[in-house]
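Containing mmCIF, C-alpha atoms: model_31.cif.
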```
data_target
#
loop_
_atom_site.label_atom_id
_atom_site.label_comp_id
_atom_site.auth_asym_id
_atom_site.auth_seq_id
_atom_site.Cartn_x
_atom_site.Cartn_y
_atom_site.Cartn_z
CA MET F 274 96.26 226.11 -52.78
CA THR F 275 97.40 227.95 -55.92
CA GLU F 276 95.22 230.02 -58.18
CA THR F 277 95.18 227.32 -60.87
CA SER F 278 94.44 224.46 -58.46
CA ALA F 279 91.31 225.99 -56.91
CA SER F 280 88.04 224.55 -58.23
CA PHE F 281 87.46 225.58 -61.84
CA ARG F 282 83.71 225.71 -61.18
CA ARG F 283 83.88 229.20 -59.66
CA MET F 284 87.08 230.57 -61.15
CA ASN F 285 87.05 234.25 -62.07
CA PRO F 286 88.39 235.47 -65.44
CA ARG F 287 91.94 236.05 -64.20
CA ALA F 288 92.22 232.61 -62.60
CA LEU F 289 90.63 230.98 -65.64
CA GLY F 290 93.19 232.60 -67.93
CA ALA F 291 96.04 231.20 -65.86
CA ALA F 292 94.41 227.78 -65.62
CA LEU F 293 93.80 227.58 -69.38
CA GLN F 294 97.46 228.37 -69.96
CA ASP F 295 98.48 225.74 -67.39
CA ALA F 296 96.24 223.13 -69.03
CA ARG F 297 97.69 223.85 -72.47
CA ARG F 298 101.28 223.53 -71.22
CA HIS F 299 100.27 220.20 -69.70
CA THR F 300 98.63 219.01 -72.94
CA LEU F 301 101.62 219.98 -75.10
CA ALA F 302 104.08 218.31 -72.71
CA LEU F 303 102.08 215.07 -72.86
CA PHE F 304 101.96 215.26 -76.65
CA ASP F 305 105.72 215.82 -76.76
CA ALA F 306 106.22 212.72 -74.60
CA LEU F 307 104.12 210.67 -77.02
CA ALA F 308 105.94 212.19 -80.00
CA ALA F 309 109.29 211.23 -78.46
CA SER F 310 108.19 207.59 -78.82
CA GLY F 311 107.03 208.12 -82.39
CA TYR F 312 103.32 208.34 -81.59
CA ASP F 313 102.85 211.73 -83.22
CA ARG F 314 102.48 209.66 -86.41
CA ALA F 315 99.12 207.92 -86.63
CA ALA F 316 100.66 205.00 -88.52
CA GLN F 317 102.65 204.12 -85.39
CA VAL F 318 99.61 204.14 -83.10
CA PRO F 319 97.72 200.85 -82.61
CA HIS F 320 94.07 200.88 -83.66
CA LEU F 321 92.50 200.55 -80.24
CA PRO F 322 88.95 201.59 -79.30
CA ILE F 323 90.23 202.97 -75.98
CA LEU F 324 92.48 205.70 -77.41
CA ASN F 325 92.88 208.27 -80.18
CA PRO F 326 95.91 209.06 -82.31
CA PRO F 327 97.65 211.72 -80.16
CA LEU F 328 97.91 214.26 -82.99
CA TRP F 329 94.17 214.01 -83.56
CA GLU F 330 93.54 214.39 -79.82
CA LEU F 331 95.72 217.50 -79.67
CA GLY F 332 93.83 219.04 -82.59
CA HIS F 333 90.48 218.10 -81.09
CA VAL F 334 91.30 219.90 -77.82
CA ALA F 335 92.12 223.13 -79.68
CA TRP F 336 89.10 222.73 -81.97
CA PHE F 337 86.74 222.25 -79.01
CA ALA F 338 88.04 225.39 -77.29
CA GLU F 339 87.75 227.41 -80.47
CA TRP F 340 84.26 226.04 -81.20
CA PHE F 341 82.71 226.98 -77.87
CA VAL F 342 84.58 230.21 -77.11
CA LEU F 343 85.94 231.94 -80.21
CA ARG F 344 83.18 230.66 -82.49
CA ALA F 345 80.50 231.03 -79.79
CA ALA F 346 78.75 227.77 -80.67
CA ARG F 347 75.23 227.44 -79.27
CA SER F 348 75.69 223.66 -78.99
CA SER F 349 77.88 220.82 -80.25
CA GLN F 350 75.51 220.31 -83.19
CA PRO F 351 77.47 220.71 -86.46
CA GLY F 352 76.68 224.10 -87.95
CA ASP F 353 75.94 225.76 -84.61
CA ALA F 354 79.18 227.75 -84.51
CA ALA F 355 79.50 231.36 -85.67
CA GLY F 356 82.21 231.83 -88.26
CA PRO F 357 85.01 229.60 -89.53
CA SER F 358 87.95 228.07 -87.70
CA LEU F 359 91.36 229.73 -87.73
CA LEU F 360 92.56 226.48 -89.32
CA ALA F 361 91.03 225.57 -92.66
CA LYS F 362 89.29 222.17 -92.67
CA ALA F 363 89.42 221.92 -88.86
CA ASP F 364 85.73 220.96 -88.67
CA SER F 365 86.23 218.06 -91.07
CA TRP F 366 89.21 216.79 -89.05
CA PHE F 367 88.44 217.34 -85.38
CA ASP F 368 84.68 217.37 -84.78
CA SER F 369 84.13 214.15 -82.83
CA ASN F 370 80.44 214.21 -83.84
CA THR F 371 81.23 213.82 -87.51
CA VAL F 372 84.65 212.15 -87.56
CA ALA F 373 84.15 208.50 -86.62
CA HIS F 374 86.69 207.03 -84.25
CA ASP F 375 87.98 204.39 -86.66
CA THR F 376 88.64 206.99 -89.36
CA ARG F 377 90.94 209.16 -87.21
CA TRP F 378 93.99 207.11 -88.18
CA ALA F 379 93.50 207.83 -91.90
CA LEU F 380 93.01 211.62 -91.84
CA ASP F 381 95.40 213.78 -93.83
CA LEU F 382 96.19 216.03 -90.88
CA PRO F 383 98.63 218.95 -91.01
CA ALA F 384 102.12 218.51 -89.59
CA PRO F 385 102.42 218.50 -85.79
CA GLY F 386 104.13 221.91 -85.86
CA THR F 387 101.17 223.42 -87.71
CA ILE F 388 98.66 222.05 -85.21
CA GLN F 389 100.80 223.17 -82.26
CA THR F 390 100.97 226.68 -83.70
CA TRP F 391 97.19 226.71 -84.12
CA CYS F 392 96.84 225.55 -80.49
CA CYS F 393 98.84 228.58 -79.38
CA GLU F 394 96.86 230.97 -81.59
CA VAL F 395 93.56 229.66 -80.23
CA LEU F 396 94.73 229.95 -76.63
CA ASP F 397 96.04 233.49 -77.12
CA ALA F 398 92.76 234.59 -78.69
CA ILE F 399 90.72 232.96 -75.91
CA ARG F 400 92.76 234.62 -73.16
CA GLU F 401 92.44 237.98 -74.88
CA ARG F 402 88.67 237.62 -75.05
CA LEU F 403 88.52 236.34 -71.48
CA ALA F 404 90.31 239.46 -70.23
CA HIS F 405 87.25 241.48 -71.33
CA THR F 406 84.62 239.03 -70.03
CA LEU F 407 82.44 239.75 -67.01
CA ASP F 408 82.82 237.70 -63.86
CA ASP F 409 79.44 236.09 -64.41
CA ASP F 410 78.48 232.41 -64.49
CA ALA F 411 76.68 232.61 -67.84
CA ALA F 412 79.50 234.55 -69.49
CA LEU F 413 82.20 232.26 -68.08
CA TYR F 414 80.38 228.99 -68.81
CA PRO F 415 82.16 228.26 -72.15
CA TYR F 416 85.59 229.05 -70.69
CA ARG F 417 85.02 226.73 -67.74
CA LEU F 418 83.69 224.05 -70.09
CA VAL F 419 86.74 224.10 -72.36
CA LEU F 420 89.09 224.07 -69.35
CA ALA F 421 87.38 220.97 -67.93
CA HIS F 422 87.40 219.36 -71.38
CA GLU F 423 91.14 219.92 -71.80
CA ASP F 424 91.91 218.66 -68.30
CA MET F 425 89.98 215.45 -69.02
CA HIS F 426 91.86 214.96 -72.27
CA GLY F 427 95.10 215.56 -70.40
CA GLU F 428 94.32 212.61 -68.17
CA ALA F 429 93.37 210.58 -71.26
CA LEU F 430 96.74 211.39 -72.83
CA LEU F 431 98.48 210.18 -69.68
CA TYR F 432 96.71 206.85 -69.76
CA THR F 433 97.48 206.70 -73.48
CA LEU F 434 101.15 206.86 -72.50
CA GLN F 435 100.53 204.02 -70.05
CA THR F 436 98.63 201.95 -72.64
CA LEU F 437 101.38 202.39 -75.24
CA GLY F 438 104.21 201.81 -72.78
CA ALA F 439 105.78 205.21 -73.39
CA ALA F 440 107.70 207.22 -70.81
CA ALA F 441 105.67 209.94 -69.10
CA PRO F 442 106.84 213.46 -68.27
CA ALA F 443 108.15 214.07 -64.77
CA PHE F 444 104.77 215.37 -63.61
CA GLY F 445 103.26 211.97 -64.43
CA ALA F 446 105.31 210.41 -61.64
CA TYR F 447 103.17 209.23 -58.77
CA THR F 448 104.11 207.79 -55.40
CA PRO F 449 101.04 205.91 -54.16
CA GLN F 450 100.09 206.32 -50.53
CA PRO F 451 99.07 203.26 -48.52
CA PRO F 452 95.27 203.19 -48.33
CA ALA F 453 93.75 204.28 -45.05
CA ALA F 454 93.05 201.27 -42.89
CA GLY F 455 89.79 200.22 -41.33
CA GLU F 456 86.18 201.17 -41.91
CA ILE F 457 83.99 204.16 -41.25
CA SER F 458 80.37 203.84 -40.23
CA PHE F 459 77.95 206.54 -41.26
CA ALA F 460 74.56 206.87 -39.65
CA GLY F 461 73.13 208.05 -42.95
CA GLY F 462 70.76 210.94 -43.32
CA ASP F 463 69.61 213.59 -45.77
CA PHE F 464 71.92 215.43 -48.15
CA LEU F 465 71.75 217.25 -51.46
CA LEU F 466 72.77 214.81 -54.20
CA GLY F 467 74.58 216.83 -56.85
CA GLY F 468 75.55 219.61 -54.46
CA GLU F 469 74.47 223.22 -54.27
CA GLN F 470 73.91 224.41 -57.85
CA SER F 471 72.69 228.00 -57.60
CA ARG F 472 75.96 229.37 -58.96
CA GLY F 473 79.16 228.20 -60.57
CA PHE F 474 79.67 225.51 -63.21
CA VAL F 475 77.66 222.27 -63.07
CA PHE F 476 77.99 219.32 -65.44
CA ASP F 477 74.72 218.25 -67.00
CA ASN F 478 74.91 214.76 -65.48
CA GLU F 479 75.02 216.28 -61.97
CA ARG F 480 71.64 217.96 -62.39
CA GLN F 481 69.08 218.20 -61.05
CA ALA F 482 70.27 218.40 -57.47
CA ALA F 483 67.76 216.72 -55.18
CA PRO F 484 67.44 216.00 -51.46
CA CYS F 485 68.20 212.33 -50.85
CA ARG F 486 68.16 210.09 -47.82
CA VAL F 487 70.93 207.54 -47.41
CA ALA F 488 70.52 204.64 -45.01
CA ALA F 489 73.23 203.79 -42.49
CA PHE F 490 76.27 202.13 -44.08
CA THR F 491 79.86 201.12 -43.35
CA ILE F 492 82.54 201.84 -45.94
CA ASP F 493 86.29 201.29 -46.23
CA ALA F 494 88.32 204.31 -45.20
CA GLY F 495 90.63 203.74 -48.18
CA LEU F 496 91.06 201.77 -51.36
CA VAL F 497 91.63 198.02 -51.64
CA SER F 498 95.37 197.35 -51.59
CA ASN F 499 97.64 195.20 -53.74
CA ALA F 500 98.17 192.93 -50.72
CA ALA F 501 94.44 192.33 -50.42
CA TRP F 502 94.26 191.67 -54.15
CA LEU F 503 97.11 189.16 -53.94
CA ALA F 504 95.13 187.29 -51.26
CA PHE F 505 92.16 187.18 -53.64
CA MET F 506 94.35 185.82 -56.44
CA ARG F 507 96.09 183.23 -54.25
CA ASP F 508 92.70 181.93 -53.17
CA GLY F 509 91.78 181.29 -56.79
CA GLY F 510 89.73 184.47 -57.22
CA TYR F 511 90.22 184.60 -60.99
CA LYS F 512 89.45 180.89 -61.38
CA ASN F 513 86.32 180.54 -59.27
CA PRO F 514 83.29 181.29 -61.49
CA ARG F 515 80.92 181.79 -58.56
CA HIS F 516 82.58 185.13 -57.80
CA TRP F 517 81.96 186.46 -61.30
CA SER F 518 78.80 187.77 -62.93
CA ALA F 519 77.81 186.43 -66.34
CA SER F 520 79.21 189.53 -68.02
CA GLY F 521 82.30 189.27 -65.83
CA ARG F 522 82.89 185.66 -66.89
CA ALA F 523 82.52 186.67 -70.54
CA TRP F 524 85.02 189.50 -70.03
CA LEU F 525 87.42 187.13 -68.27
CA MET F 526 87.27 184.62 -71.10
CA GLU F 527 87.74 187.29 -73.75
CA HIS F 528 90.77 188.85 -72.08
CA GLU F 529 92.21 185.71 -70.44
CA ARG F 530 93.04 187.78 -67.40
CA ARG F 531 94.68 186.08 -64.42
CA ALA F 532 95.95 189.23 -62.72
CA PRO F 533 95.31 192.96 -63.09
CA ARG F 534 96.37 194.58 -66.32
CA TYR F 535 100.10 195.40 -66.34
CA TRP F 536 100.98 192.89 -63.59
CA GLN F 537 103.83 190.52 -64.47
CA ARG F 538 105.23 187.63 -62.46
CA THR F 539 108.87 186.53 -62.29
CA GLY F 540 109.23 183.49 -60.08
CA GLU F 541 107.54 184.41 -56.82
CA ASP F 542 107.84 188.15 -57.38
CA TRP F 543 105.30 190.43 -58.99
CA HIS F 544 106.06 193.58 -60.96
CA THR F 545 103.78 196.06 -62.61
CA LEU F 546 104.45 198.10 -65.74
CA ARG F 547 104.34 201.86 -65.23
CA PHE F 548 104.69 203.77 -68.49
CA GLY F 549 106.65 200.92 -70.02
CA SER F 550 109.01 200.26 -67.10
CA PRO F 551 108.71 197.36 -64.64
CA VAL F 552 108.30 198.42 -61.03
CA PRO F 553 108.28 196.03 -58.05
CA LEU F 554 104.73 195.59 -56.81
CA ASP F 555 104.12 197.53 -53.61
CA PRO F 556 101.76 195.43 -51.45
CA ALA F 557 100.68 198.52 -49.48
CA ALA F 558 99.69 200.56 -52.55
CA PRO F 559 96.10 200.58 -53.84
CA VAL F 560 95.38 198.11 -56.60
CA ARG F 561 94.83 199.90 -59.89
CA HIS F 562 93.94 199.15 -63.52
CA VAL F 563 91.11 196.81 -62.55
CA SER F 564 87.78 196.61 -64.32
CA LEU F 565 84.34 196.77 -62.74
CA HIS F 566 84.07 193.02 -63.30
CA GLU F 567 87.22 192.40 -61.27
CA ALA F 568 86.08 194.75 -58.51
CA GLU F 569 82.74 192.96 -58.27
CA ALA F 570 84.45 189.54 -58.18
CA TYR F 571 86.71 190.69 -55.35
CA CYS F 572 83.70 191.93 -53.39
CA SER F 573 81.95 188.59 -53.85
CA TRP F 574 85.05 186.75 -52.63
CA ALA F 575 85.49 189.08 -49.64
CA GLY F 576 81.81 189.07 -48.66
CA ARG F 577 81.58 192.79 -49.35
CA ARG F 578 79.94 195.05 -51.91
CA LEU F 579 80.73 198.18 -53.89
CA PRO F 580 79.29 201.46 -52.63
CA ARG F 581 76.49 203.09 -54.53
CA GLU F 582 77.47 206.49 -55.86
CA GLU F 583 75.17 208.38 -53.51
CA GLU F 584 76.79 206.62 -50.56
CA TRP F 585 80.21 207.59 -51.87
CA GLU F 586 79.13 211.23 -52.31
CA PHE F 587 77.62 211.30 -48.83
CA ALA F 588 80.86 209.93 -47.33
CA ALA F 589 83.11 212.28 -49.31
CA GLY F 590 81.02 215.29 -48.37
CA ALA F 591 80.72 214.42 -44.68
CA GLY F 592 84.14 215.82 -43.82
CA HIS F 593 85.25 212.70 -41.95
CA PRO F 594 89.06 212.97 -41.56
CA GLY F 595 89.53 209.25 -42.13
CA PHE F 596 87.82 209.11 -45.52
CA SER F 597 90.62 209.58 -48.06
CA TRP F 598 90.10 209.87 -51.79
CA GLY F 599 91.87 211.21 -54.88
CA GLN F 600 94.54 208.60 -55.63
CA LEU F 601 92.45 206.61 -58.12
CA TRP F 602 88.99 206.76 -59.65
CA GLU F 603 86.66 204.42 -57.78
CA TRP F 604 84.17 202.02 -59.28
CA THR F 605 80.73 202.17 -57.72
CA ALA F 606 77.72 199.84 -57.83
CA SER F 607 75.73 202.44 -59.77
CA PRO F 608 75.11 202.31 -63.52
CA PHE F 609 75.63 205.69 -65.14
CA LEU F 610 72.09 207.05 -65.46
CA PRO F 611 70.59 210.56 -65.59
CA TYR F 612 69.23 212.20 -62.50
CA PRO F 613 65.52 213.07 -62.72
CA GLY F 614 65.06 216.28 -64.69
CA PHE F 615 68.20 215.79 -66.81
CA SER F 616 68.66 217.93 -69.89
CA ALA F 617 71.78 218.04 -72.04
CA ASP F 618 73.95 221.16 -72.00
CA ARG F 619 75.69 222.76 -74.97
CA TYR F 620 78.10 219.85 -75.18
CA ARG F 621 75.21 217.53 -75.96
CA GLU F 622 77.24 214.34 -76.26
CA TYR F 623 79.09 214.63 -72.97
CA SER F 624 76.75 212.40 -70.96
CA GLN F 625 73.65 211.31 -72.81
CA PRO F 626 75.15 208.70 -75.20
CA SER F 627 76.72 206.87 -72.25
CA PHE F 628 73.63 206.53 -70.08
CA GLY F 629 72.84 202.87 -69.48
CA SER F 630 76.01 201.47 -71.07
CA CYS F 631 78.62 202.78 -68.62
CA GLN F 632 79.22 202.52 -64.88
CA THR F 633 79.73 205.48 -62.57
CA LEU F 634 83.11 206.09 -60.96
CA ARG F 635 83.62 208.65 -58.23
CA GLY F 636 86.55 210.53 -56.77
CA ALA F 637 89.63 211.42 -58.83
CA SER F 638 93.01 209.97 -59.70
CA PHE F 639 96.58 211.18 -59.29
CA ALA F 640 96.31 212.34 -62.92
CA THR F 641 93.22 214.48 -62.31
CA PRO F 642 94.08 218.16 -61.84
CA PRO F 643 93.02 219.37 -58.38
CA ARG F 644 90.82 222.06 -59.97
CA LEU F 645 88.65 219.35 -61.52
CA GLN F 646 88.19 217.33 -58.33
CA SER F 647 84.81 217.44 -56.61
CA PRO F 648 82.70 215.09 -54.46
CA GLN F 649 79.90 215.62 -56.99
CA PHE F 650 81.91 214.76 -60.13
CA ARG F 651 80.53 211.70 -61.92
CA ASN F 652 83.04 209.91 -64.11
CA PHE F 653 81.84 207.05 -66.30
CA TYR F 654 83.38 204.21 -68.28
CA ALA F 655 82.34 200.89 -69.76
CA PRO F 656 82.52 198.09 -67.15
CA GLY F 657 85.34 196.30 -68.96
CA ARG F 658 87.77 199.23 -69.00
CA ASP F 659 90.94 198.47 -67.06
CA ASP F 660 93.29 200.90 -68.81
CA ILE F 661 92.12 203.87 -66.75
CA PHE F 662 93.57 204.89 -63.40
CA ALA F 663 90.86 203.15 -61.37
CA GLY F 664 90.60 201.14 -58.18
CA PHE F 665 87.78 200.69 -55.66
CA ARG F 666 86.76 200.46 -52.01
CA THR F 667 84.12 198.22 -50.45
CA CYS F 668 81.15 198.44 -48.13
CA ALA F 669 79.88 196.06 -45.46
CA PRO F 670 77.37 193.65 -47.03
CA ASN F 671 74.60 194.00 -44.45
CA ASP F 672 73.98 197.69 -45.03
CA LEU F 673 70.58 198.82 -46.22
CA TYR F 674 71.21 199.10 -49.91
CA GLY F 675 70.28 202.30 -51.67
CA TYR F 676 68.66 205.61 -51.02
CA ARG F 677 65.29 207.20 -51.40
CA LYS F 678 64.04 210.70 -51.89
CA ALA F 679 63.73 212.68 -48.69
CA ASP F 680 60.16 213.32 -47.59
#
```
In structure tokens, how does this file's structure come out?
Amino acid sequence: MTETSASFRRMNPRALGAALQDARRHTLALFDALAASGYDRAAQVPHLPILNPPLWELGHVAWFAEWFVLRAARSSQPGDAAGPSLLAKADSWFDSNTVAHDTRWALDLPAPGTIQTWCCEVLDAIRERLAHTLDDDAALYPYRLVLAHEDMHGEALLYTLQTLGAAAPAFGAYTPQPPAAGEISFAGGDFLLGGEQSRGFVFDNERQAAPCRVAAFTIDAGLVSNAAWLAFMRDGGYKNPRHWSASGRAWLMEHERRAPRYWQRTGEDWHTLRFGSPVPLDPAAPVRHVSLHEAEAYCSWAGRRLPREEEWEFAAGAGHPGFSWGQLWEWTASPFLPYPGFSADRYREYSQPSFGSCQTLRGASFATPPRLQSPQFRNFYAPGRDDIFAGFRTCAPNDLYGYRKAD
């Protein structure tokens, strides 16, 4: 494991400096790939609720880092930063609290070269300040926050490339591994939901850690494969309404989906689009770009169910050699809700606005930097999203469903 791939949650100042530089190189390379297809110009970017104009996203990443580190903001509330930005008008362009999503296509942003230069100036100033920062959780909190934020936006830029059908950089290449076969039975037991939180970085939606008891359950060792999905389709899975929830049927009618997003059929052969290029469908690879609604319909057809997020965390933390994760984000049966005792951190809008309207995903994807991966990480998206790098695994249907607080 390299210095920049170790968990960001406990990185010291030297490792954080290297990781911040690595993240910025990654961000700029992704932006360059989008620019090569003309998407550095907002006018060329479709108005879609699932993405941002790439030039705005690049500026937002630099603004966020400057806001919380160089400007020492107490929170994400407008006006809570100390001093102005290095770039005039940056607050009026890149503050996601005040710049509505639909307006980001019409902003009179500086030229890409100007924003890229500002990105470099911000990073240089942050690394200089970091070199004189104590190796202390409180002091390093804003640096770890902005690193995680940039890594998440890096993954978002990669699925923007996929959505727009643009070629990805070489590091976006991914050779899927066949999912582990079979099932794993866990006897259940007590564990600390949210993990040990006495030191290091913790996202607000992971707190408060609490002892939980999980009942015995049986879970797939790996993700559902394309071959299994093809069997679902060939048995009329998309056409049989009894496999779909009411919201799933509404989603299906709206999108007229008959196969996962990006699948295309030529005669008897299936292909899938990967960054704009057709690739023969690999039956052994995990199915990806499926929504929660599709995952639930598959489970109904197969006589299975999705795991609850606490079951997934228990399995991932158990150290079982057969439980593999990290290829794709995994839908769970759990709505995205706060743990008891939740309070928002400095980045107040990270979690709270999404409680109740999104579903929890666990794990990581091939596009998630290793330093961000954790069994406790709670990702969250609207149930209809199928543009993200997401798949799922299933549980046996006769398991006791849920968990309760340990006595």
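Distances here use only C-alpha atoms; by that measure, the residue among F:Ala335, F:Val560, F:Ala421, F:Leu413 closest to Leu359 of chain F is F:Ala335.
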For Ala488 of chain F, which residue among F:Ala429, F:Ala640, F:Asn671, F:Pro327 is the nearest when counting only C-alpha atoms?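 Smallest distance to Ala488 of chain F is found for F:Asn671.
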Nearest residue to Pro484 of chain F from the set F:Asp381, F:Asp375, F:Glu423, F:Glu583 (distances using all atoms listed in the file):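 Among the listed residues, F:Glu583 lies closest to Pro484 of chain F.
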Any idea what the distance is between atom CA of Glu541 of chain F and atom CA of Trp602 of chain F?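 Atom CA of Trp602 of chain F lies at a distance of 29.2 Å from atom CA of Glu541 of chain F.
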Written as a list of chain:residue names, what is the full residue list that the PyMOL selection byres ((chain F and resi 397-412) around 7) yields on the file shown? F:Asn285, F:Pro286, F:Gly290, F:Val342, F:Leu343, F:Cys393, F:Glu394, F:Val395, F:Leu396, F:Leu413, F:Tyr414, F:Arg472, F:Gly473
Please identify all polymer residues within 12 Å of segment 309-321 of chain F, counting only C-alpha atoms, omitting same-chain residues fewer than 6 positions from it, and present them as a PyMOL selection string. chain F and resi 301-303+327-332+374-386+388-389+430+433-434+436-442+548-549+660
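Counting all atoms listed in the file, Arg581 of chain F has the following residues at most 10 Å away, ignoring those fewer than 3 positions along the same chain: Arg578, Glu584, Trp585, Glu586, Trp604, Thr605, Ala606, Ser607, Pro608, Thr633, Leu634, Arg635, Thr667, Cys668, Tyr674, Gly675 and Tyr676 of chain F.
Residue nearest Pro326 of chain F, chosen from F:Phe367, F:Ser471, F:Ser616, F:Pro559 and counting only C-alpha atoms: F:Phe367.
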All residues 8 Å or closer to Phe474 of chain F, all atoms listed in the file, same chain fewer than 3 positions away omitted, as a PyMOL selection string: chain F and resi 281-283+410+414+417+470
Each side padded by 6 Å, which centre and which edge lengths in Å (one decimal) define the axis-aligned box around the listed atoms of segment 563-576 of chain F? Give them as lines of an AutoDock Vina configuration file.
```
center_x = 86.5
center_y = 191.8
center_z = -56.5
size_x = 21.3
size_y = 22.1
size_z = 27.7
```
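Here atom CA of Gly467 of chain F stands at a distance of 29.6 Å from atom CA of Trp336 of chain F.
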Using the chain letters and numbering of this document, enumerate as a list in words the residues selected by the PyMOL selection byres ((chain F and resi 497) around 10).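 On this input, the PyMOL selection byres ((chain F and resi 497) around 10) captures Pro451, Pro452, Ala453, Ala454, Asp493, Ala494, Gly495, Leu496, Ser498, Asn499, Ala500, Ala501, Trp502, Ala557, Ala558, Pro559, Val560, Arg561, Ala568, Tyr571, Gly664, Phe665, Arg666 and Thr667 of chain F.
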Quick one: pull the distance between atom CA of Leu601 of chain F and atom CA of Pro415 of chain F, Å, one decimal. 27.8 Å
Residue IDs satisfying the PyMOL selection byres ((chain F and resi 599) around 7), as a short mmCIF file (atom, residue, chain, number, x, y, z; two decimals) with C-alpha atoms, in the frame of the given file:
```cif
data_model
loop_
_atom_site.label_atom_id
_atom_site.label_comp_id
_atom_site.auth_asym_id
_atom_site.auth_seq_id
_atom_site.Cartn_x
_atom_site.Cartn_y
_atom_site.Cartn_z
CA TRP F 598 90.10 209.87 -51.79
CA GLN F 600 94.54 208.60 -55.63
CA LEU F 601 92.45 206.61 -58.12
CA GLY F 636 86.55 210.53 -56.77
CA ALA F 637 89.63 211.42 -58.83
CA SER F 638 93.01 209.97 -59.70
CA PHE F 639 96.58 211.18 -59.29
#
```
Extract, using all atoms listed in the file, all DNA, RNA and protein residues at most 7 Å from His562 of chain F, discarding same-chain residues fewer than 5 positions from it, and format them as a list in words.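 Residues near the query, excluding close chain neighbours: Pro533, Arg534, Asp659, Asp660, Ile661, Phe662, Ala663 and Gly664 of chain F.
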All residues 9 Å or closer to Ala482 of chain F, all atoms listed in the file, same chain fewer than 3 positions away omitted, as a list in words: Leu465, Leu466, Gly467, Gly468, Glu469, Gln470, Glu479, Tyr612 and Pro613 of chain F
Limited to C-alpha atoms, could you put the picked residues into a file as an mmCIF file, in the frame of the given file?
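To be explicit, this is the file written out as result-v7.cif:
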```cif
data_model
loop_
_atom_site.group_PDB
_atom_site.id
_atom_site.type_symbol
_atom_site.label_atom_id
_atom_site.label_comp_id
_atom_site.auth_asym_id
_atom_site.auth_seq_id
_atom_site.Cartn_x
_atom_site.Cartn_y
_atom_site.Cartn_z
ATOM 1 C CA LEU F 465 71.750 217.250 -51.460
ATOM 2 C CA LEU F 466 72.770 214.810 -54.200
ATOM 3 C CA GLY F 467 74.580 216.830 -56.850
ATOM 4 C CA GLY F 468 75.550 219.610 -54.460
ATOM 5 C CA GLU F 469 74.470 223.220 -54.270
ATOM 6 C CA GLN F 470 73.910 224.410 -57.850
ATOM 7 C CA GLU F 479 75.020 216.280 -61.970
ATOM 8 C CA TYR F 612 69.230 212.200 -62.500
ATOM 9 C CA PRO F 613 65.520 213.070 -62.720
#
```
Pick from F:Leu525, F:Asp364, F:Ala489, F:Pro551, whichever lies nearest to Asp463 of chain F using all atoms listed in the file: F:Ala489
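Distances here use all atoms listed in the file; by that measure, the residue among F:His299, F:Gly576, F:Phe609, F:Glu456 closest to Glu428 of chain F is F:His299.
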List every protein, DNA or RNA residue with an atom no more than 10 Å from (99.3, 190.8, -58.7) in the file's coordinates, counting only C-alpha atoms, and format the result as a VMD selection string. chain F and resid 499 to 507 531 to 538 542 to 545 554 to 556 560
Go ahead and save the picked residues with C-alpha atoms, as a compact mmCIF listing (two decimals), keeping the file's coordinate frame.
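Done, and the output landed in again01.txt:
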```
# COMPACT_ATOMS: atom_id res chain seq x y z
CA ASN F 499 97.64 195.20 -53.74
CA ALA F 500 98.17 192.93 -50.72
CA ALA F 501 94.44 192.33 -50.42
CA TRP F 502 94.26 191.67 -54.15
CA LEU F 503 97.11 189.16 -53.94
CA ALA F 504 95.13 187.29 -51.26
CA PHE F 505 92.16 187.18 -53.64
CA MET F 506 94.35 185.82 -56.44
CA ARG F 507 96.09 183.23 -54.25
CA ARG F 531 94.68 186.08 -64.42
CA ALA F 532 95.95 189.23 -62.72
CA PRO F 533 95.31 192.96 -63.09
CA ARG F 534 96.37 194.58 -66.32
CA TYR F 535 100.10 195.40 -66.34
CA TRP F 536 100.98 192.89 -63.59
CA GLN F 537 103.83 190.52 -64.47
CA ARG F 538 105.23 187.63 -62.46
CA ASP F 542 107.84 188.15 -57.38
CA TRP F 543 105.30 190.43 -58.99
CA HIS F 544 106.06 193.58 -60.96
CA THR F 545 103.78 196.06 -62.61
CA LEU F 554 104.73 195.59 -56.81
CA ASP F 555 104.12 197.53 -53.61
CA PRO F 556 101.76 195.43 -51.45
CA VAL F 560 95.38 198.11 -56.60
```
